[in-house]
Amino acid sequence: MTFLYLMLRSQLFITLPTPSSDFSKQTIMITGADSGLGLEASRYLFWLETHVIFAVRNEERGLAAAENLTSSTGAEKAKVSVWHLSLTSQASRLDTAIQNAAMDNGSWLALTRDGFEKNLAVNVINPAFLGRLVLPKLRQSAVENGVVGRLELVGPALFRLFKFEEQNSHGKLLEALNCPETSIMEDRELANAMPFSEKSPVVITYVTPGSCDAGIVRKDDSSEHTLIGGLIKSVAMAVLARTSEQGSRTLVDAVRPDVLKESHGAYLRDC
Ligand SMILES: NC(=O)c1ccc[n+]([C@@H]2O[C@H](COP(=O)([O-])OP(=O)(O)OC[C@H]3O[C@@H](n4cnc5c(N)ncnc54)[C@H](OP(=O)(O)O)[C@@H]3O)[C@@H](O)[C@H]2O)c1
């Protein structure tokens, strides 16, 4: 009931503020930046004169999206770099990483080469590894430049609806999550493992953009098995959903320069 109330209030009655903070000295890496919320958040960051690093799996698409943003925003002072998601490149400075890339197939998918169910790998396991990979760079940059670093994990709010019974699997959590019969998707928590400190001045947050008319919802075909399911989804989206542009405001808001250590470990929604 609380979830439903919060969801309806958020989607129907809250107007998200347009980002306007000064990002001109910042370098921000964003994963999945070539479409949906990632693309729209990047557009705002461009307007706000940020150095944006697109971390994408398809460099060609990343370059095309970056070029499109540069010409459509006309933001002369903004700079863009395109990295392959493997993080093999090094930037001289990295203030913030926005881990936005994700997929939602709505059903159990075959194991990846690494042996994890695909949704679990793309949305949970590999973002957690990526977060740990990028943290030393965020720390180093924050300490060297005397600023606060930020790591933002983007994801849904729907986990609140689930019981997460796998937590009782007695040391076999991954096996339970990998299993098609018992798997229930759960999210990640890095902040407790990486406390904010003088040596690690990096604020880690989890952000949900609410329900948006963006790629992940459009691509989700789980409700299209029945006519009724598809109809309910279309009506719900028409009435409730934010646009990608509106949803992307939450991604930018959570990494404002004045978001400080009080927000470490916070679950953020609605700006
Ligand atoms: N839309 C919503 O209503 C909603 C609601 C709650 C939370 N969210 C969260 O918001 C974020 C963005 O969602 P969206 O709707 O904007 O999605 P989207 O348009 O589908 O964009 C997802 C991005 O993730 C990338 N991606 C997917 N699988 C990947 C992989 N295996 N490796 C690397 N990159 C991969 C995609 O790259 P390609 O272009 O190469 O496929 C794309 O750039 C997600 O974290 C999602 O959980 C969205």
# chains A, B, ... in the order shown; residues from 1 in each chain; ligands from 1

call {"tool": "residues_near_ligand", "arguments": {"ligand": "ligand 1", "cutoff": "6 Å", "atoms": "only C-alpha atoms and all ligand atoms", "output": "PDB file with C-alpha atoms, in the first residue's frame"}}
result
ATOM      1  CA  GLY A  32      24.334   3.349 -21.169  1.00  0.00           C
ATOM      2  CA  ALA A  33      24.567   6.961 -22.343  1.00  0.00           C
ATOM      3  CA  ASP A  34      23.520   6.332 -25.923  1.00  0.00           C
ATOM      4  CA  SER A  35      19.777   5.962 -25.291  1.00  0.00           C
ATOM      5  CA  GLY A  36      16.859   6.544 -22.926  1.00  0.00           C
ATOM      6  CA  LEU A  37      17.496   8.151 -19.559  1.00  0.00           C
ATOM      7  CA  GLY A  38      21.283   8.050 -19.995  1.00  0.00           C
ATOM      8  CA  VAL A  56      28.973   2.402 -24.003  1.00  0.00           C
ATOM      9  CA  ARG A  57      29.202  -1.129 -25.288  1.00  0.00           C
ATOM     10  CA  ASN A  58      28.765  -0.050 -28.916  1.00  0.00           C
ATOM     11  CA  ASN A 100      22.752   3.731 -15.707  1.00  0.00           C
ATOM     12  CA  ALA A 101      23.106   0.828 -18.167  1.00  0.00           C
ATOM     13  CA  ALA A 102      20.638  -1.991 -17.589  1.00  0.00           C
ATOM     14  CA  MET A 103      18.188  -4.335 -19.236  1.00  0.00           C
ATOM     15  CA  VAL A 122      23.787  -7.023 -16.477  1.00  0.00           C
ATOM     16  CA  VAL A 154      20.468   3.758 -11.240  1.00  0.00           C
ATOM     17  CA  GLY A 155      17.712   1.202 -10.954  1.00  0.00           C
ATOM     18  CA  PRO A 156      14.041   0.494 -10.348  1.00  0.00           C
ATOM     19  CA  THR A 208      15.313   5.534  -9.187  1.00  0.00           C
ATOM     20  CA  PRO A 209      13.913   7.716 -11.975  1.00  0.00           C
ATOM     21  CA  GLY A 210      10.353   6.413 -11.510  1.00  0.00           C
ATOM     22  CA  SER A 211       8.430   4.926 -14.371  1.00  0.00           C
ATOM     23  CA  CYS A 212       9.520   6.562 -17.633  1.00  0.00           C
ATOM     24  CA  ASP A 213       8.648   6.153 -21.278  1.00  0.00           C
ATOM     25  CA  ALA A 214      12.189   5.006 -22.056  1.00  0.00           C
ATOM     26  CA  GLY A 215      13.919   2.009 -23.573  1.00  0.00           C
ATOM     27  CA  ILE A 216      13.741  -0.421 -20.720  1.00  0.00           C
ATOM     28  CA  VAL A 217       9.971  -0.207 -20.428  1.00  0.00           C
TER      29      VAL A 217
END

call {"tool": "select_by_dssp", "arguments": {"residues": "region 40-261 of chain A", "states": "strand (DSSP E or B)", "output": "PyMOL selection string"}}
result
chain A and resi 51-56+79-84+96-99+111+117+149-154+202-208+212+242

call {"tool": "write_last_selection", "arguments": {"atoms": "N, CA and C atoms", "output": "short mmCIF file (atom, residue, chain, number, x, y, z; two decimals), in the first residue's frame"}}
result
data_model
loop_
_atom_site.label_atom_id
_atom_site.label_comp_id
_atom_site.auth_asym_id
_atom_site.auth_seq_id
_atom_site.Cartn_x
_atom_site.Cartn_y
_atom_site.Cartn_z
N HIS A 51 32.28 17.88 -18.52
CA HIS A 51 33.00 16.96 -19.40
C HIS A 51 32.35 15.59 -19.21
N VAL A 52 31.65 15.12 -20.23
CA VAL A 52 30.89 13.87 -20.12
C VAL A 52 31.66 12.73 -20.80
N ILE A 53 31.77 11.60 -20.08
CA ILE A 53 32.37 10.40 -20.69
C ILE A 53 31.25 9.39 -20.92
N PHE A 54 30.99 9.10 -22.18
CA PHE A 54 30.00 8.09 -22.52
C PHE A 54 30.67 6.72 -22.38
N ALA A 55 30.21 5.88 -21.47
CA ALA A 55 30.74 4.51 -21.40
C ALA A 55 29.70 3.60 -22.02
N VAL A 56 29.98 3.16 -23.24
CA VAL A 56 28.97 2.40 -24.00
C VAL A 56 29.56 1.09 -24.52
N LYS A 79 32.51 19.03 -23.15
CA LYS A 79 33.42 18.13 -23.86
C LYS A 79 32.88 16.73 -23.72
N VAL A 80 33.12 15.92 -24.72
CA VAL A 80 32.64 14.55 -24.62
C VAL A 80 33.73 13.58 -25.04
N SER A 81 33.82 12.46 -24.31
CA SER A 81 34.71 11.37 -24.70
C SER A 81 33.84 10.12 -24.75
N VAL A 82 34.19 9.21 -25.63
CA VAL A 82 33.43 7.96 -25.71
C VAL A 82 34.37 6.81 -25.36
N TRP A 83 34.00 6.06 -24.33
CA TRP A 83 34.79 4.91 -23.89
C TRP A 83 34.03 3.62 -24.16
N HIS A 84 34.76 2.60 -24.49
CA HIS A 84 34.14 1.28 -24.46
C HIS A 84 33.90 0.92 -23.00
N THR A 96 32.68 11.83 -11.11
CA THR A 96 31.42 11.13 -10.88
C THR A 96 31.22 10.02 -11.90
N ALA A 97 30.66 8.90 -11.46
CA ALA A 97 30.26 7.85 -12.39
C ALA A 97 28.77 7.57 -12.19
N ILE A 98 28.02 7.60 -13.27
CA ILE A 98 26.59 7.29 -13.21
C ILE A 98 26.40 5.93 -13.88
N GLN A 99 26.10 4.92 -13.09
CA GLN A 99 25.91 3.58 -13.65
C GLN A 99 24.43 3.39 -13.99
N LEU A 111 22.22 -18.56 -18.72
CA LEU A 111 23.42 -18.07 -18.06
C LEU A 111 24.39 -17.45 -19.06
N GLU A 117 22.84 -15.73 -14.53
CA GLU A 117 21.62 -15.45 -15.28
C GLU A 117 21.77 -14.05 -15.88
N GLY A 149 33.83 12.89 -4.56
CA GLY A 149 33.48 12.08 -5.72
C GLY A 149 32.08 11.51 -5.55
N ARG A 150 31.51 11.06 -6.63
CA ARG A 150 30.15 10.49 -6.54
C ARG A 150 30.00 9.28 -7.45
N LEU A 151 29.40 8.24 -6.88
CA LEU A 151 29.07 7.04 -7.66
C LEU A 151 27.57 6.82 -7.54
N GLU A 152 26.88 6.90 -8.68
CA GLU A 152 25.42 6.77 -8.66
C GLU A 152 25.00 5.47 -9.35
N LEU A 153 24.22 4.67 -8.65
CA LEU A 153 23.68 3.44 -9.24
C LEU A 153 22.22 3.71 -9.57
N VAL A 154 21.85 3.49 -10.81
CA VAL A 154 20.47 3.76 -11.24
C VAL A 154 19.71 2.45 -11.33
N VAL A 202 34.00 9.53 -1.41
CA VAL A 202 33.12 9.24 -2.55
C VAL A 202 31.72 8.91 -2.03
N VAL A 203 30.75 9.69 -2.46
CA VAL A 203 29.35 9.47 -2.04
C VAL A 203 28.71 8.46 -2.99
N ILE A 204 28.18 7.38 -2.41
CA ILE A 204 27.53 6.36 -3.25
C ILE A 204 26.01 6.43 -3.01
N THR A 205 25.25 6.57 -4.10
CA THR A 205 23.80 6.65 -3.95
C THR A 205 23.10 5.67 -4.90
N TYR A 206 21.87 5.37 -4.56
CA TYR A 206 21.03 4.55 -5.45
C TYR A 206 19.85 5.43 -5.86
N VAL A 207 19.62 5.56 -7.16
CA VAL A 207 18.61 6.49 -7.66
C VAL A 207 17.59 5.77 -8.51
N THR A 208 16.32 6.06 -8.28
CA THR A 208 15.31 5.53 -9.19
C THR A 208 14.62 6.69 -9.90
N CYS A 212 9.31 5.61 -16.53
CA CYS A 212 9.52 6.56 -17.63
C CYS A 212 9.28 5.88 -18.98
N ARG A 242 6.65 9.21 -16.80
CA ARG A 242 7.38 10.44 -17.11
C ARG A 242 8.03 10.27 -18.49
#

call {"tool": "atom_distance", "arguments": {"atom1": "CA of Leu161 (chain A)", "atom2": "CA of Leu4 (chain A)"}}
result
9.5 Å

call {"tool": "closest_residue", "arguments": {"among": "A:Lys163, A:Ala236, A:Phe13, A:Ala157", "to": "Leu268 (chain A)", "atoms": "only C-alpha atoms"}}
result
A:Ala157

call {"tool": "atom_distance", "arguments": {"atom1": "CA of Glu40 (chain A)", "atom2": "CA of Met237 (chain A)"}}
result
18.7 Å
